Amino acid sequence: MVELVWLIPALPLLGFFLLLLIGHRVGEPRSGWIATIAAGASFLATFVVFMGLLGRDGHSGDRSYEFILFDWLPAGSLKVEAGFLVDPLSITMALFVTGVGTLIHLYSIGYMHGDPKYSKFFLYLNLFLFSMLMLVFGNNLVVTFLGWEGVGACSYFLISFWHQRESAATAGKKAFVTNRVGDWGFMIATFAIWSALGTVTYTEISNSPAMSAATGTAVSLLLFVAAAGKSAQLPLYVWLPDAMEGPTPVSAMVHAATMVTSGVYLLVRMNSVLTDDALLVIAVVGAATALFAALCAVAQHDIKKVLAYSTVSQLGYMFLAIGSGAYVAAIFHVITHAFFKALLFLGSGSVIHGMHDEQDMRKMGALRAVMPITAGTFIVGWLAIAGVPPFAGFWSKDEILLAAWEQKNIGPLLWFVGLVTALLTAYYMSRQVILVFFGQQKWEEDVHPHESPWTMTTPLCVLAGAAVVGGAINLPLVKDWLVLEHFLEPIFHHPHHFSSGTSTKIALAVISVVAGLIGISIAILSWLTRRIPTERLEPEFLENAMYVDATYARVVGGAGTSSFQKTADFDAAIVDGSVNGFGRVIMKFGQLIQPTQSGYMRNYAIGVAVGALVIVAVLAWGLLL
Amino acid sequence: MEITTGWYLVLGALLFVIGGTGLLIRRNPLVMLMCVELMLNGVNLSFVAFARQLDDIGGQTVVFFVLVVAAAEVVVGLGLVVAILRRQPGTTADDLSALKG
């Protein structure tokens, strides 16, 4: 059954081509259903492959299957195959990518209702799903890079989907350009790995002897640059909040649940080459990103901007986990985050849909009465992300905080930053829930909010279910309950084991729950009962995301533009000048001897005759001497 | 008086020079073509004369090749000349200077 892996990316690709050919003709809603069925079939295929993989023996290394399509780039000693690698990691990723992806496809059928480019939207979604699956299943860095670029391109198409809007077009460009910085890291890392190890295939990389410390650290950091670009870490996070210009299902799928986790996936996949020094950097950057983005989320007014900064912050958690060596915790959080963040985004989309494209939370309030399903499921997502037990987010976040605590060098500091972030997360999510669903009604009388159609509420309910029980795949304390950890164990070079005793674990968990509850209480006191004045809780400094964006704009726009202009001038004057000058010299010489070509036959004949005479004369001269 | 190889060589050279001169001074494309034939045959004569004197079949073989090439050349050249003259009667070689640099 594992051999069916090629079907998983092939089905969305088929859907893409089908929509390309007939999408415009079948129109709404049939093109949406075609895409949804393609995604759903892909999920089924993933499930079948997953079952096949489970049927194999987990301990003998049998759960790693390579499916080679063809030799892609046979060039000297470099051999790149177009192949898929099925192992516990890739199948785990694929399961939630296709699962959450299918739900979001279904949701989009309702959300995109009435859009003039309806079928094109689903075409992009299917292409995105295909690229993401290539990224996940590629058996070497080059195939993964193909998917990596594919998701980047689709992300660009989808962010600027409503490109008539200036801001959407700009946001798309911004995302694309920022991601190129990360792609640069990916490419250099690939070259370096090839020159150091002579291979780019994952199975061979993980079996290779370790690189020298300097090379290993350099490669790790370059991979982290790639991951930071795709997964929106400091300092390359700036594109993600702007990416909310795209339709909300895109924000849910591309910019929360799947694509942005590909950086985490890349680092986990390459865990055998990551060095301790690099891991420390990753942990620090991850923790800093988590705290920074959580602070920014506190003061946002746009319902989607809050979630966007929250995504950046949660991605920071995942990198904190990787930096602490707890790869399973990172993947665990990737999965639970996919559930509850997709749920929150789809919920916000449902609100925006019901409020007729209103995104400002200050104009909402008391929506729970008119949108009961959306409100109920959103509250589940809120409890999950706030880390309230027994919802999914609690288990994964707790594992990350434990891993941070046990980090060798600066563990307690990382843990404290993570804890503050947890408190802030609980606070800003509670603020959002209160502003949108509780309190006073703040929308105008002529707006008539309504509950969304069933295609939109069904995914909400399914995801809410997953957000409640998702933590069950990796429960701590009892060894046999760590299902995910045992499943993923064969992937890792140095399997991570928590060293803390049970009492420490419980103490840390209690502290983090208390922090979450404090955050929720502050939000209730300030935004619901208004015991705490709220004016000071939204400082302008945080609302503008600490002016990072503005600083970038000033640096790139001022000194950056002038230096680029100088480079362009150098190119025009020196590089182009030398090439053109060479051509000009040749042209001058040609003009010089042009008159000899008179076009008169007799001139040419004379030339031939004189030439022949000269040759004869030379020969005769030679003979005489 | 015995006619030695030298006579033939002188005749061949004469033919070649007449042909060459004609090619250079005449303007009528048809006549120029004939002059080229004259030059070729002057050379042919020399070849045959040497083949005879040196008792080497190679010279005569070359003559066959020259004949074939000359025939091919006439086919193309005459075709072009006839076509040009039919379009513009009285065309001279100097009128055909479209390839002027």
# chains A, B, ... in the order shown; residues from 1 in each chain; ligands from 1
$ interface_residues --of "chain A" --to "chain B" --cutoff "12 Å" --atoms "only C-alpha atoms" --output "ChimeraX atom specification"
/A:590-610
$ residues_around --residues "Gly77 in chain B" --least-positions-apart "2" --cutoff "12 Å" --atoms "only C-alpha atoms" --output "list in words"
Pro29, Leu30, Val31, Met32, Leu33, Met34, Val36, Glu37, Val69, Ala70, Ala71, Ala72, Glu73, Val74, Val75, Gly79, Leu80, Val81, Val82, Ala83 and Ile84 of chain B
$ residues_around --residues "Asn44 in chain B" --least-positions-apart "3" --cutoff "9 Å" --atoms "only C-alpha atoms" --output "list in words"
Gly12, Met39, Leu40, Asn41, Phe47, Val48, Ala49, Gly59, Gln60, Val62, Val63, Phe64, Val66 and Leu67 of chain B
$ residues_around --residues "Ser46 in chain B" --least-positions-apart "5" --cutoff "9 Å" --atoms "only C-alpha atoms" --output "number ranges by chain"
B: 5, 8-13, 41, 51, 59
$ write_last_selection --atoms "N, CA and C atoms" --output "JSON list (two decimals), in the first residue's frame"
[["chain", "number", "residue", "atom", "x", "y", "z"],
["B", 5, "THR", "N", 54.56, 18.16, -75.87],
["B", 5, "THR", "CA", 53.63, 18.53, -74.78],
["B", 5, "THR", "C", 53.56, 20.05, -74.62],
["B", 8, "TYR", "N", 50.77, 21.85, -76.39],
["B", 8, "TYR", "CA", 49.44, 21.71, -75.76],
["B", 8, "TYR", "C", 49.33, 22.63, -74.55],
["B", 9, "LEU", "N", 50.44, 22.71, -73.81],
["B", 9, "LEU", "CA", 50.40, 23.56, -72.62],
["B", 9, "LEU", "C", 50.25, 25.03, -73.00],
["B", 10, "VAL", "N", 50.92, 25.43, -74.08],
["B", 10, "VAL", "CA", 50.79, 26.80, -74.53],
["B", 10, "VAL", "C", 49.36, 27.07, -74.98],
["B", 11, "LEU", "N", 48.78, 26.13, -75.73],
["B", 11, "LEU", "CA", 47.39, 26.31, -76.17],
["B", 11, "LEU", "C", 46.45, 26.42, -74.97],
["B", 12, "GLY", "N", 46.67, 25.54, -73.96],
["B", 12, "GLY", "CA", 45.83, 25.59, -72.74],
["B", 12, "GLY", "C", 45.96, 26.93, -72.06],
["B", 13, "ALA", "N", 47.18, 27.43, -71.96],
["B", 13, "ALA", "CA", 47.37, 28.72, -71.31],
["B", 13, "ALA", "C", 46.70, 29.83, -72.10],
["B", 41, "ASN", "N", 38.20, 24.68, -69.77],
["B", 41, "ASN", "CA", 38.70, 23.75, -70.77],
["B", 41, "ASN", "C", 40.18, 23.94, -71.04],
["B", 51, "ALA", "N", 48.84, 14.19, -68.29],
["B", 51, "ALA", "CA", 48.50, 12.78, -68.09],
["B", 51, "ALA", "C", 49.17, 11.94, -69.17],
["B", 59, "GLY", "N", 45.41, 12.42, -64.15],
["B", 59, "GLY", "CA", 45.07, 13.68, -64.82],
["B", 59, "GLY", "C", 43.77, 13.57, -65.56]]
$ select_by_dssp --residues "chain B" --states "helix (DSSP H, G or I)" --output "JSON, numbers by chain"
{"B": [5, 6, 7, 8, 9, 10, 11, 12, 13, 14, 15, 16, 17, 18, 19, 20, 21, 22, 23, 24, 25, 29, 30, 31, 32, 33, 34, 35, 36, 37, 38, 39, 40, 41, 42, 43, 44, 45, 46, 47, 48, 49, 50, 51, 52, 53, 54, 57, 58, 59, 60, 61, 62, 63, 64, 65, 66, 67, 68, 69, 70, 71, 72, 73, 74, 75, 76, 77, 78, 79, 80, 81, 82, 83, 84, 85, 86, 87, 93, 94, 95]}
$ write_last_selection --atoms "C-alpha atoms" --output "tab-separated table (two decimals), in the first residue's frame"
chain	number	residue	atom	x	y	z
B	5	THR	CA	53.63	18.53	-74.78
B	6	GLY	CA	54.72	22.14	-74.65
B	7	TRP	CA	52.45	23.06	-77.56
B	8	TYR	CA	49.44	21.71	-75.76
B	9	LEU	CA	50.40	23.56	-72.62
B	10	VAL	CA	50.79	26.80	-74.53
B	11	LEU	CA	47.39	26.31	-76.17
B	12	GLY	CA	45.83	25.59	-72.74
B	13	ALA	CA	47.37	28.72	-71.31
B	14	LEU	CA	46.16	30.77	-74.29
B	15	LEU	CA	42.64	29.46	-73.84
B	16	PHE	CA	42.77	30.26	-70.12
B	17	VAL	CA	44.01	33.79	-70.68
B	18	ILE	CA	41.40	34.46	-73.40
B	19	GLY	CA	38.68	33.19	-71.08
B	20	GLY	CA	39.99	35.22	-68.15
B	21	THR	CA	40.28	38.39	-70.17
B	22	GLY	CA	36.81	37.90	-71.56
B	23	LEU	CA	35.41	37.37	-68.08
B	24	LEU	CA	37.00	40.61	-66.92
B	25	ILE	CA	36.09	42.89	-69.83
B	29	PRO	CA	26.38	37.54	-68.37
B	30	LEU	CA	25.89	34.87	-71.06
B	31	VAL	CA	29.28	35.62	-72.64
B	32	MET	CA	30.90	35.68	-69.21
B	33	LEU	CA	29.55	32.23	-68.54
B	34	MET	CA	31.04	31.03	-71.82
B	35	CYS	CA	34.38	32.58	-70.84
B	36	VAL	CA	34.36	30.57	-67.63
B	37	GLU	CA	33.87	27.42	-69.75
B	38	LEU	CA	36.80	28.46	-71.86
B	39	MET	CA	39.02	28.80	-68.79
B	40	LEU	CA	37.93	25.42	-67.48
B	41	ASN	CA	38.70	23.75	-70.77
B	42	GLY	CA	42.11	25.41	-70.96
B	43	VAL	CA	42.92	23.77	-67.65
B	44	ASN	CA	41.44	20.47	-68.85
B	45	LEU	CA	43.75	20.50	-71.81
B	46	SER	CA	46.77	20.96	-69.58
B	47	PHE	CA	45.62	18.07	-67.40
B	48	VAL	CA	45.26	15.74	-70.35
B	49	ALA	CA	48.61	16.81	-71.77
B	50	PHE	CA	50.39	16.07	-68.52
B	51	ALA	CA	48.50	12.78	-68.09
B	52	ARG	CA	49.73	11.74	-71.48
B	53	GLN	CA	53.32	12.78	-70.87
B	54	LEU	CA	53.63	11.29	-67.41
B	57	ILE	CA	45.60	8.19	-65.43
B	58	GLY	CA	45.03	10.63	-62.54
B	59	GLY	CA	45.07	13.68	-64.82
B	60	GLN	CA	42.34	12.29	-67.03
B	61	THR	CA	40.26	11.39	-63.99
B	62	VAL	CA	40.41	14.95	-62.78
B	63	VAL	CA	39.18	16.12	-66.18
B	64	PHE	CA	36.02	14.05	-65.72
B	65	PHE	CA	35.38	15.69	-62.41
B	66	VAL	CA	35.91	19.13	-63.92
B	67	LEU	CA	33.47	18.30	-66.71
B	68	VAL	CA	30.83	17.19	-64.24
B	69	VAL	CA	31.30	20.28	-62.08
B	70	ALA	CA	31.21	22.50	-65.18
B	71	ALA	CA	27.98	20.87	-66.30
B	72	ALA	CA	26.43	21.44	-62.89
B	73	GLU	CA	27.63	25.02	-62.87
B	74	VAL	CA	26.12	25.67	-66.28
B	75	VAL	CA	22.80	24.22	-65.20
B	76	VAL	CA	22.56	26.64	-62.29
B	77	GLY	CA	24.28	29.61	-63.91
B	78	LEU	CA	22.43	29.43	-67.21
B	79	GLY	CA	19.13	29.02	-65.38
B	80	LEU	CA	19.80	32.17	-63.35
B	81	VAL	CA	21.01	34.15	-66.34
B	82	VAL	CA	18.02	33.18	-68.47
B	83	ALA	CA	15.63	34.05	-65.68
B	84	ILE	CA	17.28	37.43	-65.13
B	85	LEU	CA	17.36	38.26	-68.83
B	86	ARG	CA	13.73	37.32	-69.20
B	87	ARG	CA	12.73	39.77	-66.46
B	93	ALA	CA	26.69	42.03	-65.06
B	94	ASP	CA	27.25	45.51	-63.59
B	95	ASP	CA	23.48	45.94	-63.11
$ atom_distance --atom1 "CA of Leu19 in chain A" --atom2 "CA of Ser160 in chain A"
19.6 Å
$ residues_around --residues "Leu307 in chain A" --least-positions-apart "2" --cutoff "10 Å" --atoms "only C-alpha atoms" --output "short mmCIF file (atom, residue, chain, number, x, y, z; two decimals) with N, CA and C atoms, in the first residue's frame"
data_model
loop_
_atom_site.label_atom_id
_atom_site.label_comp_id
_atom_site.auth_asym_id
_atom_site.auth_seq_id
_atom_site.Cartn_x
_atom_site.Cartn_y
_atom_site.Cartn_z
N PRO A 241 2.23 39.12 8.63
CA PRO A 241 1.06 39.94 8.97
C PRO A 241 0.43 40.58 7.73
N MET A 244 -2.20 38.72 5.32
CA MET A 244 -3.62 38.62 5.64
C MET A 244 -4.49 39.36 4.63
N SER A 251 -5.37 32.46 4.38
CA SER A 251 -4.67 32.73 5.64
C SER A 251 -4.68 31.49 6.51
N ALA A 252 -5.81 30.79 6.52
CA ALA A 252 -5.92 29.60 7.37
C ALA A 252 -5.01 28.49 6.87
N ALA A 256 -1.12 29.73 8.05
CA ALA A 256 -1.23 29.34 9.45
C ALA A 256 -0.98 27.86 9.62
N ALA A 294 3.91 38.04 20.19
CA ALA A 294 2.81 38.06 21.16
C ALA A 294 2.56 39.49 21.64
N ALA A 297 0.69 41.31 18.99
CA ALA A 297 -0.69 40.87 18.85
C ALA A 297 -1.60 41.55 19.86
N GLN A 300 -3.42 44.85 18.32
CA GLN A 300 -3.98 44.91 16.98
C GLN A 300 -5.50 45.05 17.03
N ASP A 302 -7.36 44.65 13.90
CA ASP A 302 -7.88 43.82 12.83
C ASP A 302 -7.96 42.38 13.32
N ILE A 303 -9.12 41.75 13.13
CA ILE A 303 -9.34 40.41 13.67
C ILE A 303 -8.32 39.41 13.12
N LYS A 304 -7.93 39.61 11.85
CA LYS A 304 -6.97 38.68 11.25
C LYS A 304 -5.53 39.01 11.62
N LYS A 305 -5.26 40.30 11.87
CA LYS A 305 -3.89 40.68 12.25
C LYS A 305 -3.51 40.06 13.58
N TYR A 309 -0.19 37.67 13.97
CA TYR A 309 0.91 37.79 14.92
C TYR A 309 0.94 36.59 15.85
N SER A 310 -0.24 36.09 16.17
CA SER A 310 -0.29 34.90 17.00
C SER A 310 0.38 33.72 16.29
N THR A 311 0.19 33.61 14.98
CA THR A 311 0.85 32.54 14.22
C THR A 311 2.36 32.68 14.30
N VAL A 312 2.85 33.92 14.09
CA VAL A 312 4.30 34.15 14.18
C VAL A 312 4.80 33.71 15.54
N SER A 313 4.02 34.08 16.57
CA SER A 313 4.42 33.76 17.93
C SER A 313 4.47 32.24 18.16
N LYS A 341 -5.32 26.79 14.94
CA LYS A 341 -5.15 28.04 14.23
C LYS A 341 -6.00 28.06 12.95
N ALA A 342 -6.06 26.91 12.27
CA ALA A 342 -6.96 26.85 11.12
C ALA A 342 -8.40 27.12 11.58
N LEU A 344 -9.33 28.89 14.20
CA LEU A 344 -9.51 30.31 14.54
C LEU A 344 -9.61 31.17 13.28
N PHE A 345 -8.76 30.86 12.30
CA PHE A 345 -8.81 31.65 11.08
C PHE A 345 -10.13 31.45 10.35
N SER A 348 -12.70 33.33 12.15
CA SER A 348 -12.66 34.77 11.86
C SER A 348 -13.20 35.04 10.47
N TYR A 428 -4.24 38.05 24.80
CA TYR A 428 -4.74 38.69 23.57
C TYR A 428 -5.82 37.85 22.90
N MET A 429 -5.79 36.53 23.08
CA MET A 429 -6.86 35.73 22.49
C MET A 429 -8.18 35.96 23.24
N GLN A 432 -9.60 39.13 22.11
CA GLN A 432 -10.25 39.01 20.82
C GLN A 432 -11.64 38.38 20.95
#
